[in-house]
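Okay, structure first, notes after.
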Amino acid sequence: MSTRTLMTVEEYLQTSFEDGDYEFVDGEIVEKNMGELAHGLVQKRLIKLFAPLERVLGLQVVPEIRIRVSSSRYRVPDIGVWLPGDIGTRIPTVPPFLVVEILSPDDRMARMKRKVEEYLSIGVEWIWLVDPEGRKAICYSQRNPAGSVCDVLRTDNPAIEIPIEKALAD
């Protein structure tokens with residue numbers, strides 16, 4: 001039987017976890033599946049692919065940052081991407097333009113779908129759900145909240161296009 005860790009939002013926001021950050025869902029601390037090597041490599045590749053776009057488009061690319069999705073929920077996406085401008089301090093006060101979640105072997109689609117719905121509900125324009133093991137991705141957006149399998153990770157306004165094979169390159 002697993003033990004649930006309960007705390008208030010204030011306690012969560014004041015807490016640093018030694019082994020990586022955790023999500024906060026309705027008073028419960030929820031461990032993220034941090035994945036294995038494939039997860040980390042895809043995250044690293046995507047951050048590197050975003051680097052020139054940061055300079056050209058003024059994007060702010062931040063891995064593993066807490067995002068408030070409701071008064072009782074904070075999520076920690078693998079990568080958050082913001083458009084130019086003030087996003088706040090400590091915890092961003094505006095939603096990211098793009099969220100990237102990279103599946104780990106222990107992730108379940110039902111749990112990921114709930115996270116995607118939460119991101120869309122706060123105004124995130126684009127969500128890329130990347131599956132390193134399946135070598136595919138599902139792209140969600142405000143215009144396509146059901147998502148669809150995509151060969152190219154893309155956004156509009158600004159236009160970003162990353163072929164999935166480039167993100168998954170060995």
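Starting from 1 in every chain, residues are counted up; chains themselves are A, B, ... following the order of the structure tokens, and ligands are numbered from 1 as listed.
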
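All residues of protein, DNA or RNA that reach within 8 Å of range 135-146 of chain A, judged by only C-alpha atoms and not counting those fewer than 3 positions away in the chain, are Val116, Glu117, Leu120, Gly123, Val124, Glu125, Trp126, Ile127, Trp128, Leu129, Val130, Asp131, Pro132, Val149, Cys150, Asp151, Leu153, Arg154, Ile164, Glu165 and Leu168 of chain A.
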
Would you mind listing what lies within 8 Å of Gln43 in chain A as a VMD selection string, with only C-alpha atoms counted and same-chain residues fewer than 5 positions away left out?
-> chain A and resid 78 to 79 102

Looking at A:Val81, A:Val25, A:Leu57, A:Ala159, which one is nearest to Lys115 in chain A, with distances taken over only C-alpha atoms?
-> A:Val25

Separation of CA of Phe24 in chain A from CA of Ala51 in chain A in Å | 29.1 Å

Distance query Glu10 in chain A at most 12 Å, only C-alpha atoms, self and fewer than 2 positions along chain excluded, as a compact mmCIF listing (two decimals) with N, CA and C atoms, in the first residue's frame:
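Writing the result to selection21.txt gives the following:
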```txt
# COMPACT_ATOMS: atom_id res chain seq x y z
N LEU A 6 0.33 14.44 1.90
CA LEU A 6 -0.61 15.55 1.79
C LEU A 6 0.01 16.82 2.37
N MET A 7 -0.24 17.95 1.72
CA MET A 7 0.21 19.23 2.23
C MET A 7 -0.62 20.33 1.61
N THR A 8 -0.45 21.54 2.12
CA THR A 8 -1.17 22.68 1.56
C THR A 8 -0.39 23.23 0.36
N TYR A 12 3.68 23.23 -0.33
CA TYR A 12 4.25 22.74 -1.58
C TYR A 12 5.15 23.78 -2.23
N LEU A 13 4.66 25.01 -2.31
CA LEU A 13 5.43 26.07 -2.96
C LEU A 13 6.70 26.42 -2.19
N GLN A 14 6.77 26.08 -0.91
CA GLN A 14 7.95 26.35 -0.09
C GLN A 14 8.91 25.15 -0.04
N THR A 15 8.52 24.04 -0.66
CA THR A 15 9.28 22.80 -0.53
C THR A 15 10.16 22.56 -1.75
N PHE A 24 1.68 18.73 -7.77
CA PHE A 24 0.77 18.91 -6.65
C PHE A 24 -0.64 18.82 -7.19
N GLY A 27 -3.87 18.68 -3.05
CA GLY A 27 -3.30 18.44 -1.74
C GLY A 27 -2.33 17.28 -1.68
N SER A 71 -6.17 26.42 -8.53
CA SER A 71 -5.77 26.80 -7.17
C SER A 71 -5.26 25.61 -6.37
N SER A 72 -5.59 24.39 -6.81
CA SER A 72 -5.15 23.21 -6.08
C SER A 72 -4.31 22.25 -6.92
N ARG A 73 -3.81 22.74 -8.07
CA ARG A 73 -3.00 21.86 -8.94
C ARG A 73 -1.84 22.62 -9.56
N TYR A 74 -0.67 21.99 -9.44
CA TYR A 74 0.54 22.48 -10.09
C TYR A 74 1.14 21.31 -10.84
```

Using DSSP on the backbone coordinates, identify the residues of chain A assigned to strand (DSSP E or B); present them as an MDAnalysis selection string.
-> chainID A and resid 6 22:25 28:31 60:63 67:70 73:75 79:82 98:102 126:131 136:141 148:149 152:155 160:163
